[in-house]
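S.K.: run24.cif is reproduced in full below (mmCIF, N, CA and C atoms).
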data_model
loop_
_atom_site.label_atom_id
_atom_site.label_comp_id
_atom_site.auth_asym_id
_atom_site.auth_seq_id
_atom_site.Cartn_x
_atom_site.Cartn_y
_atom_site.Cartn_z
N MET A 1 78.50 62.53 -15.89
CA MET A 1 77.74 63.72 -15.62
C MET A 1 76.62 63.82 -16.64
N GLU A 2 75.43 64.08 -16.17
CA GLU A 2 74.27 64.17 -17.05
C GLU A 2 74.04 65.62 -17.44
N PRO A 3 73.79 65.91 -18.73
CA PRO A 3 73.55 67.29 -19.14
C PRO A 3 72.24 67.80 -18.57
N GLU A 4 72.17 69.11 -18.44
CA GLU A 4 70.95 69.72 -17.97
C GLU A 4 69.85 69.49 -19.00
N ALA A 5 68.69 69.08 -18.53
CA ALA A 5 67.58 68.80 -19.45
C ALA A 5 66.95 70.10 -19.93
N THR A 6 66.67 70.14 -21.21
CA THR A 6 65.93 71.26 -21.79
C THR A 6 64.80 70.69 -22.62
N GLN A 7 63.82 71.49 -22.93
CA GLN A 7 62.68 71.05 -23.73
C GLN A 7 62.87 71.50 -25.17
N GLN A 8 62.06 70.90 -26.06
CA GLN A 8 62.04 71.37 -27.44
C GLN A 8 61.58 72.83 -27.44
N PRO A 9 61.98 73.62 -28.43
CA PRO A 9 61.54 75.00 -28.49
C PRO A 9 60.02 75.09 -28.52
N ASP A 10 59.51 76.12 -27.85
CA ASP A 10 58.07 76.36 -27.85
C ASP A 10 57.62 76.86 -29.20
N ARG A 11 56.34 76.67 -29.48
CA ARG A 11 55.77 77.15 -30.75
C ARG A 11 55.99 78.65 -30.93
N ASP A 12 56.06 79.41 -29.83
CA ASP A 12 56.23 80.87 -29.92
C ASP A 12 57.54 81.25 -30.62
N GLU A 13 58.55 80.35 -30.54
CA GLU A 13 59.85 80.65 -31.11
C GLU A 13 59.89 80.44 -32.62
N ARG A 14 58.78 79.98 -33.20
CA ARG A 14 58.71 79.73 -34.63
C ARG A 14 57.78 80.74 -35.27
N GLN A 15 57.83 80.85 -36.59
CA GLN A 15 57.00 81.81 -37.31
C GLN A 15 55.86 81.10 -38.01
N GLU A 16 54.70 81.75 -38.08
CA GLU A 16 53.56 81.16 -38.78
C GLU A 16 53.68 81.36 -40.28
N THR A 17 53.13 80.42 -41.04
CA THR A 17 53.03 80.59 -42.49
C THR A 17 51.56 80.72 -42.81
N SER A 18 51.17 81.78 -43.48
CA SER A 18 49.75 82.03 -43.73
C SER A 18 49.27 81.41 -45.04
N ASP A 19 50.19 81.00 -45.93
CA ASP A 19 49.75 80.45 -47.21
C ASP A 19 49.27 79.00 -47.08
N LYS A 20 49.55 78.33 -45.99
CA LYS A 20 49.10 76.96 -45.76
C LYS A 20 48.42 76.90 -44.41
N PRO A 21 47.09 77.06 -44.38
CA PRO A 21 46.41 77.14 -43.10
C PRO A 21 46.58 75.92 -42.22
N ASP A 22 46.78 74.73 -42.78
CA ASP A 22 46.92 73.54 -41.96
C ASP A 22 48.39 73.17 -41.73
N ALA A 23 49.31 74.00 -42.20
CA ALA A 23 50.72 73.68 -42.07
C ALA A 23 51.26 73.97 -40.68
N GLY A 24 50.54 74.70 -39.87
CA GLY A 24 51.02 75.01 -38.52
C GLY A 24 52.07 76.09 -38.54
N ILE A 25 53.01 75.95 -37.65
CA ILE A 25 54.03 76.98 -37.45
C ILE A 25 55.37 76.40 -37.85
N THR A 26 56.11 77.12 -38.69
CA THR A 26 57.43 76.67 -39.13
C THR A 26 58.37 77.86 -39.20
N PRO A 27 59.68 77.62 -39.13
CA PRO A 27 60.62 78.71 -39.33
C PRO A 27 60.50 79.25 -40.75
N ALA A 28 60.95 80.48 -40.95
CA ALA A 28 60.82 81.13 -42.24
C ALA A 28 61.64 80.44 -43.33
N ARG A 29 62.82 79.96 -43.00
CA ARG A 29 63.71 79.35 -44.00
C ARG A 29 64.40 78.14 -43.38
N PRO A 30 64.40 77.00 -44.07
CA PRO A 30 65.02 75.82 -43.48
C PRO A 30 66.53 75.92 -43.37
N ALA A 31 67.07 75.32 -42.32
CA ALA A 31 68.52 75.20 -42.18
C ALA A 31 68.97 74.04 -43.06
N LEU A 32 70.02 74.24 -43.80
CA LEU A 32 70.53 73.19 -44.67
C LEU A 32 71.66 72.41 -44.02
N ARG A 33 72.22 72.97 -42.95
CA ARG A 33 73.34 72.32 -42.27
C ARG A 33 73.26 72.67 -40.79
N THR A 34 73.51 71.67 -39.97
CA THR A 34 73.58 71.90 -38.53
C THR A 34 74.84 71.22 -38.00
N THR A 35 75.21 71.53 -36.78
CA THR A 35 76.33 70.85 -36.14
C THR A 35 75.88 70.31 -34.79
N ARG A 36 76.43 69.18 -34.41
CA ARG A 36 76.09 68.54 -33.15
C ARG A 36 76.36 69.48 -31.97
N ASP A 37 77.47 70.20 -32.02
CA ASP A 37 77.83 71.07 -30.90
C ASP A 37 76.84 72.21 -30.68
N ASP A 38 76.07 72.56 -31.71
CA ASP A 38 75.06 73.61 -31.58
C ASP A 38 73.70 73.07 -31.15
N ALA A 39 73.59 71.76 -30.95
CA ALA A 39 72.31 71.13 -30.57
C ALA A 39 72.32 70.86 -29.07
N PRO A 40 71.63 71.67 -28.28
CA PRO A 40 71.64 71.46 -26.83
C PRO A 40 70.91 70.17 -26.46
N PRO A 41 71.43 69.42 -25.49
CA PRO A 41 70.76 68.17 -25.09
C PRO A 41 69.50 68.45 -24.28
N TYR A 42 68.52 67.55 -24.41
CA TYR A 42 67.34 67.58 -23.56
C TYR A 42 66.91 66.14 -23.32
N VAL A 43 66.07 65.94 -22.32
CA VAL A 43 65.61 64.60 -21.96
C VAL A 43 64.22 64.39 -22.53
N THR A 44 64.03 63.30 -23.30
CA THR A 44 62.73 63.00 -23.87
C THR A 44 61.85 62.30 -22.85
N ARG A 45 60.59 62.11 -23.20
CA ARG A 45 59.64 61.45 -22.33
C ARG A 45 60.08 60.03 -21.96
N ASP A 46 60.84 59.35 -22.86
CA ASP A 46 61.28 57.98 -22.56
C ASP A 46 62.55 57.94 -21.71
N GLY A 47 63.13 59.11 -21.41
CA GLY A 47 64.28 59.18 -20.51
C GLY A 47 65.63 59.25 -21.19
N SER A 48 65.69 59.21 -22.52
CA SER A 48 66.97 59.31 -23.20
C SER A 48 67.40 60.77 -23.33
N ILE A 49 68.70 60.96 -23.45
CA ILE A 49 69.27 62.30 -23.64
C ILE A 49 69.41 62.50 -25.14
N ILE A 50 68.78 63.54 -25.66
CA ILE A 50 68.68 63.76 -27.11
C ILE A 50 69.31 65.09 -27.51
N ARG A 51 69.92 65.07 -28.67
CA ARG A 51 70.35 66.30 -29.36
C ARG A 51 69.65 66.29 -30.71
N GLU A 52 68.78 67.25 -30.96
CA GLU A 52 68.09 67.35 -32.25
C GLU A 52 69.07 67.90 -33.29
N LEU A 53 69.48 67.06 -34.22
CA LEU A 53 70.41 67.48 -35.26
C LEU A 53 69.68 68.18 -36.40
N MET A 54 68.42 67.77 -36.63
CA MET A 54 67.57 68.41 -37.64
C MET A 54 66.13 68.11 -37.25
N HIS A 55 65.36 69.18 -37.00
CA HIS A 55 63.96 69.03 -36.58
C HIS A 55 63.15 70.20 -37.13
N PRO A 56 61.96 69.92 -37.67
CA PRO A 56 61.15 71.01 -38.24
C PRO A 56 60.89 72.17 -37.28
N ALA A 57 60.71 71.87 -36.00
CA ALA A 57 60.42 72.93 -35.03
C ALA A 57 61.61 73.85 -34.81
N VAL A 58 62.79 73.38 -35.13
CA VAL A 58 64.00 74.16 -34.89
C VAL A 58 64.65 74.63 -36.18
N HIS A 59 64.70 73.74 -37.18
CA HIS A 59 65.50 74.00 -38.37
C HIS A 59 64.71 74.26 -39.64
N GLY A 60 63.41 73.94 -39.64
CA GLY A 60 62.58 74.27 -40.79
C GLY A 60 62.45 73.21 -41.85
N ASN A 61 63.10 72.04 -41.68
CA ASN A 61 62.87 70.95 -42.63
C ASN A 61 61.41 70.52 -42.49
N ALA A 62 60.91 69.70 -43.40
CA ALA A 62 59.47 69.49 -43.47
C ALA A 62 58.93 68.22 -42.85
N ASN A 63 59.55 67.07 -43.05
CA ASN A 63 58.85 65.81 -42.81
C ASN A 63 59.46 64.83 -41.82
N GLN A 64 60.63 65.11 -41.29
CA GLN A 64 61.28 64.14 -40.43
C GLN A 64 62.22 64.84 -39.46
N SER A 65 62.70 64.07 -38.50
CA SER A 65 63.71 64.60 -37.60
C SER A 65 64.86 63.61 -37.49
N LEU A 66 66.03 64.14 -37.18
CA LEU A 66 67.21 63.33 -36.95
C LEU A 66 67.83 63.80 -35.65
N ALA A 67 68.04 62.87 -34.73
CA ALA A 67 68.59 63.21 -33.42
C ALA A 67 69.65 62.20 -33.04
N GLU A 68 70.54 62.62 -32.16
CA GLU A 68 71.48 61.69 -31.55
C GLU A 68 71.00 61.45 -30.13
N ALA A 69 70.81 60.18 -29.79
CA ALA A 69 70.39 59.80 -28.44
C ALA A 69 71.58 59.20 -27.70
N GLU A 70 71.60 59.43 -26.41
CA GLU A 70 72.63 58.85 -25.56
C GLU A 70 71.95 58.16 -24.39
N VAL A 71 72.35 56.91 -24.15
CA VAL A 71 71.87 56.16 -23.00
C VAL A 71 73.11 55.79 -22.18
N PRO A 72 73.26 56.36 -20.98
CA PRO A 72 74.45 56.09 -20.17
C PRO A 72 74.56 54.62 -19.75
N PRO A 73 75.77 54.17 -19.40
CA PRO A 73 75.96 52.79 -18.95
C PRO A 73 75.01 52.45 -17.80
N GLY A 74 74.43 51.25 -17.89
CA GLY A 74 73.53 50.78 -16.84
C GLY A 74 72.12 51.36 -16.91
N CYS A 75 71.83 52.19 -17.89
CA CYS A 75 70.52 52.83 -18.01
C CYS A 75 69.75 52.26 -19.19
N ALA A 76 68.45 52.54 -19.20
CA ALA A 76 67.57 52.11 -20.29
C ALA A 76 66.51 53.17 -20.51
N THR A 77 65.97 53.21 -21.71
CA THR A 77 64.82 54.08 -21.96
C THR A 77 63.57 53.39 -21.42
N LEU A 78 62.55 54.15 -21.14
CA LEU A 78 61.27 53.59 -20.72
C LEU A 78 60.58 52.98 -21.93
N ARG A 79 59.89 51.87 -21.73
CA ARG A 79 59.15 51.23 -22.82
C ARG A 79 58.04 52.19 -23.25
N HIS A 80 57.93 52.37 -24.57
CA HIS A 80 56.97 53.35 -25.09
C HIS A 80 56.60 53.02 -26.53
N ILE A 81 55.60 53.73 -27.03
CA ILE A 81 55.21 53.63 -28.44
C ILE A 81 55.09 55.04 -29.01
N HIS A 82 55.14 55.10 -30.32
CA HIS A 82 54.83 56.32 -31.07
C HIS A 82 53.67 55.95 -31.99
N PRO A 83 52.44 56.36 -31.67
CA PRO A 83 51.29 55.95 -32.48
C PRO A 83 51.38 56.32 -33.96
N ARG A 84 51.99 57.47 -34.28
CA ARG A 84 52.03 57.94 -35.67
C ARG A 84 53.39 57.81 -36.34
N THR A 85 54.44 57.71 -35.57
CA THR A 85 55.80 57.86 -36.10
C THR A 85 56.50 56.55 -36.36
N GLU A 86 57.12 56.43 -37.54
CA GLU A 86 58.08 55.37 -37.81
C GLU A 86 59.44 55.90 -37.37
N GLU A 87 60.19 55.04 -36.70
CA GLU A 87 61.48 55.46 -36.16
C GLU A 87 62.56 54.49 -36.62
N LEU A 88 63.73 55.03 -36.95
CA LEU A 88 64.90 54.22 -37.26
C LEU A 88 65.96 54.53 -36.21
N TYR A 89 66.56 53.48 -35.64
CA TYR A 89 67.71 53.63 -34.74
C TYR A 89 68.93 53.11 -35.50
N HIS A 90 70.00 53.90 -35.50
CA HIS A 90 71.28 53.44 -36.04
C HIS A 90 72.31 53.60 -34.93
N VAL A 91 72.91 52.49 -34.51
CA VAL A 91 73.84 52.50 -33.38
C VAL A 91 75.20 53.02 -33.84
N LEU A 92 75.64 54.11 -33.19
CA LEU A 92 76.94 54.71 -33.49
C LEU A 92 78.05 54.16 -32.61
N GLY A 93 77.73 53.91 -31.34
CA GLY A 93 78.75 53.46 -30.40
C GLY A 93 78.11 52.83 -29.18
N GLY A 94 78.87 51.95 -28.53
CA GLY A 94 78.39 51.28 -27.33
C GLY A 94 77.68 49.98 -27.67
N ASP A 95 77.23 49.31 -26.63
CA ASP A 95 76.52 48.05 -26.78
C ASP A 95 75.20 48.14 -26.05
N GLY A 96 74.17 47.51 -26.65
CA GLY A 96 72.86 47.59 -26.04
C GLY A 96 72.01 46.38 -26.28
N GLU A 97 70.84 46.42 -25.67
CA GLU A 97 69.84 45.38 -25.86
C GLU A 97 68.53 46.07 -26.23
N MET A 98 68.03 45.75 -27.40
CA MET A 98 66.81 46.35 -27.93
C MET A 98 65.63 45.45 -27.61
N ALA A 99 64.59 46.03 -27.05
CA ALA A 99 63.31 45.33 -26.87
C ALA A 99 62.35 45.94 -27.87
N LEU A 100 61.91 45.13 -28.83
CA LEU A 100 61.05 45.59 -29.91
C LEU A 100 59.85 44.67 -29.97
N ASP A 101 58.71 45.13 -29.51
CA ASP A 101 57.50 44.32 -29.37
C ASP A 101 57.85 43.16 -28.44
N ASP A 102 57.75 41.92 -28.89
CA ASP A 102 58.07 40.76 -28.04
C ASP A 102 59.51 40.27 -28.21
N ALA A 103 60.26 40.85 -29.14
CA ALA A 103 61.64 40.42 -29.40
C ALA A 103 62.63 41.22 -28.55
N VAL A 104 63.69 40.56 -28.13
CA VAL A 104 64.79 41.20 -27.42
C VAL A 104 66.08 40.71 -28.08
N PHE A 105 66.95 41.66 -28.48
CA PHE A 105 68.18 41.28 -29.18
C PHE A 105 69.27 42.31 -28.93
N ALA A 106 70.51 41.86 -29.07
CA ALA A 106 71.68 42.72 -28.89
C ALA A 106 71.83 43.66 -30.07
N VAL A 107 72.32 44.87 -29.79
CA VAL A 107 72.66 45.83 -30.84
C VAL A 107 74.06 46.36 -30.57
N ALA A 108 74.77 46.66 -31.65
CA ALA A 108 76.15 47.14 -31.57
C ALA A 108 76.38 48.14 -32.70
N PRO A 109 77.51 48.85 -32.68
CA PRO A 109 77.79 49.84 -33.73
C PRO A 109 77.61 49.25 -35.13
N GLY A 110 76.91 50.01 -35.97
CA GLY A 110 76.64 49.59 -37.34
C GLY A 110 75.26 48.98 -37.52
N ASP A 111 74.59 48.61 -36.42
CA ASP A 111 73.24 48.03 -36.52
C ASP A 111 72.19 49.12 -36.70
N THR A 112 71.18 48.81 -37.52
CA THR A 112 70.04 49.71 -37.72
C THR A 112 68.76 48.92 -37.44
N VAL A 113 67.84 49.54 -36.71
CA VAL A 113 66.58 48.90 -36.33
C VAL A 113 65.43 49.78 -36.80
N CYS A 114 64.44 49.18 -37.47
CA CYS A 114 63.23 49.89 -37.86
C CYS A 114 62.15 49.63 -36.81
N ILE A 115 61.53 50.71 -36.33
CA ILE A 115 60.48 50.63 -35.32
C ILE A 115 59.19 51.16 -35.95
N PRO A 116 58.29 50.27 -36.37
CA PRO A 116 57.04 50.72 -36.99
C PRO A 116 56.16 51.48 -36.01
N PRO A 117 55.28 52.36 -36.51
CA PRO A 117 54.36 53.08 -35.63
C PRO A 117 53.57 52.11 -34.75
N GLY A 118 53.38 52.48 -33.49
CA GLY A 118 52.58 51.68 -32.57
C GLY A 118 53.29 50.48 -31.97
N THR A 119 54.59 50.30 -32.25
CA THR A 119 55.33 49.14 -31.74
C THR A 119 56.00 49.50 -30.41
N PRO A 120 55.69 48.76 -29.34
CA PRO A 120 56.36 49.01 -28.06
C PRO A 120 57.86 48.73 -28.19
N HIS A 121 58.67 49.63 -27.60
CA HIS A 121 60.11 49.46 -27.68
C HIS A 121 60.83 50.18 -26.55
N SER A 122 62.04 49.71 -26.29
CA SER A 122 62.96 50.36 -25.36
C SER A 122 64.35 49.85 -25.71
N ILE A 123 65.35 50.55 -25.20
CA ILE A 123 66.73 50.11 -25.43
C ILE A 123 67.51 50.29 -24.13
N ARG A 124 68.36 49.33 -23.85
CA ARG A 124 69.14 49.32 -22.61
C ARG A 124 70.61 49.27 -22.96
N ASN A 125 71.40 50.06 -22.25
CA ASN A 125 72.85 50.05 -22.43
C ASN A 125 73.40 48.87 -21.63
N THR A 126 74.06 47.94 -22.31
CA THR A 126 74.65 46.77 -21.66
C THR A 126 76.17 46.89 -21.57
N GLY A 127 76.71 48.01 -22.03
CA GLY A 127 78.16 48.19 -22.06
C GLY A 127 78.68 49.08 -20.96
N VAL A 128 79.94 49.45 -21.09
CA VAL A 128 80.61 50.28 -20.08
C VAL A 128 80.81 51.72 -20.55
N THR A 129 80.44 52.00 -21.81
CA THR A 129 80.49 53.36 -22.35
C THR A 129 79.08 53.76 -22.77
N SER A 130 78.88 55.03 -23.04
CA SER A 130 77.57 55.50 -23.47
C SER A 130 77.14 54.80 -24.75
N LEU A 131 75.87 54.43 -24.80
CA LEU A 131 75.25 53.91 -26.02
C LEU A 131 74.79 55.12 -26.81
N ARG A 132 75.33 55.29 -28.02
CA ARG A 132 74.99 56.44 -28.86
C ARG A 132 74.24 55.95 -30.09
N ILE A 133 73.09 56.58 -30.36
CA ILE A 133 72.21 56.13 -31.43
C ILE A 133 71.75 57.33 -32.24
N LEU A 134 71.75 57.20 -33.57
CA LEU A 134 71.05 58.16 -34.41
C LEU A 134 69.60 57.71 -34.50
N CYS A 135 68.68 58.64 -34.29
CA CYS A 135 67.25 58.35 -34.33
C CYS A 135 66.62 59.21 -35.42
N CYS A 136 66.06 58.56 -36.42
CA CYS A 136 65.36 59.26 -37.48
C CYS A 136 63.87 58.99 -37.32
N CYS A 137 63.07 60.04 -37.26
CA CYS A 137 61.62 59.90 -37.07
C CYS A 137 60.87 60.56 -38.21
N SER A 138 59.86 59.84 -38.70
CA SER A 138 58.98 60.39 -39.73
C SER A 138 57.55 59.98 -39.42
N PRO A 139 56.65 60.95 -39.15
CA PRO A 139 56.94 62.38 -39.04
C PRO A 139 57.87 62.67 -37.87
N ALA A 140 58.29 63.91 -37.76
CA ALA A 140 59.29 64.32 -36.78
C ALA A 140 58.89 63.98 -35.35
N TYR A 141 59.90 63.76 -34.50
CA TYR A 141 59.68 63.45 -33.08
C TYR A 141 58.79 64.51 -32.44
N SER A 142 57.89 64.03 -31.58
CA SER A 142 57.03 64.90 -30.80
C SER A 142 56.78 64.26 -29.44
N HIS A 143 56.88 65.05 -28.38
CA HIS A 143 56.54 64.55 -27.05
C HIS A 143 55.10 64.02 -27.05
N ASP A 144 54.20 64.69 -27.79
CA ASP A 144 52.79 64.29 -27.84
C ASP A 144 52.57 62.94 -28.49
N ASP A 145 53.53 62.47 -29.30
CA ASP A 145 53.40 61.18 -29.99
C ASP A 145 54.22 60.10 -29.28
N THR A 146 54.55 60.34 -28.02
CA THR A 146 55.29 59.37 -27.21
C THR A 146 54.39 58.94 -26.05
N VAL A 147 54.04 57.66 -26.04
CA VAL A 147 53.14 57.13 -25.01
C VAL A 147 53.89 56.06 -24.23
N LEU A 148 54.08 56.27 -22.92
CA LEU A 148 54.75 55.29 -22.08
C LEU A 148 53.82 54.10 -21.89
N THR A 149 54.37 52.88 -21.95
CA THR A 149 53.53 51.68 -21.84
C THR A 149 53.70 50.95 -20.52
N ASP A 150 54.69 51.29 -19.72
CA ASP A 150 54.88 50.65 -18.41
C ASP A 150 54.60 51.61 -17.28
#
Represent the supplied structure as structure tokens.
M.R.:
Amino acid sequence: MEPEATQQPDRDERQETSDKPDAGITPARPALRTTRDDAPPYVTRDGSIIRELMHPAVHGNANQSLAEAEVPPGCATLRHIHPRTEELYHVLGGDGEMALDDAVFAVAPGDTVCIPPGTPHSIRNTGVTSLRILCCCSPAYSHDDTVLTD
């Protein structure tokens, strides 16, 4: 069963900071702790199911985001790039095949992959259980910084 897709919170749900004119909109006080069960799933532009575990738009941290991604058996994310964002994938469970630029290789629990900004990538679940990945993005994940390449 696939969770109902939701979007990241709108800018209206955050508070402005007037002391830093170029800082944009942030929550008043950062969350120091979050729980997975309190992170509602949503579908990103690349098609993966994401739970934002820590994100500036939601929790008030400053420079990065941490999310848990799920790719169901037999599914894959769409090939895409992040022009500005460096991304780290850490495989928590399941088996997959990572396409990173021109390389294609197997990934399994315990593997970590660095995805430099501007590098085309996708991941496919090759197993029989959900592929679960921690995704760390710096700067934080943004739909606007996700460009589909296929």
S.K.: Excluding Leu53 (chain A) and residues on its chain fewer than 2 positions from it, collect all residues at most 6.5 Å away from it, counting all atoms listed in the file, and give them as a PyMOL selection string.
M.R.: chain A and resi 34-36+39+51+55+66-68
S.K.: Given all atoms listed in the file as the basis, pick out the residue of A:Pro73, A:Asp38, A:Arg79, A:Ile50 nearest to Leu148 (chain A).
M.R.: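 Smallest separation from Leu148 (chain A) among the options: A:Arg79.
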S.K.: Between A:Leu100, A:Tyr42, A:Gly127, A:Arg33, which residue has the minimum interatomic distance to Met54 (chain A), considering only N, CA and C atoms?
M.R.: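 With only N, CA and C atoms as the atom set, the closest residue is A:Arg33.
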S.K.: List the neighbours of Ile123 (chain A) out to 6 Å using only C-alpha atoms; skip same-chain residues closer than 4 positions along the sequence, and give me the result as a list in words.
M.R.: Ala76, Thr77, Glu97 and Met98 of chain A
S.K.: Can you work out which one of A:His90, A:His59, A:His80, A:Arg132 has the shortest atom-to-atom distance to Gly47 (chain A), counting only C-alpha atoms?
M.R.: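 When distances to Gly47 (chain A) are compared using only C-alpha atoms, the smallest one comes from A:His80.
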S.K.: Go through A:Thr85, A:Ser142, A:Thr149, A:Ser130 one by one, measure the shortest atom-to-atom distance of each to Val71 (chain A) using all atoms listed in the file, and give the residue with the smallest value.
M.R.: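 Of A:Thr85, A:Ser142, A:Thr149, A:Ser130, the one nearest Val71 (chain A) is A:Ser130, counting all atoms listed in the file.
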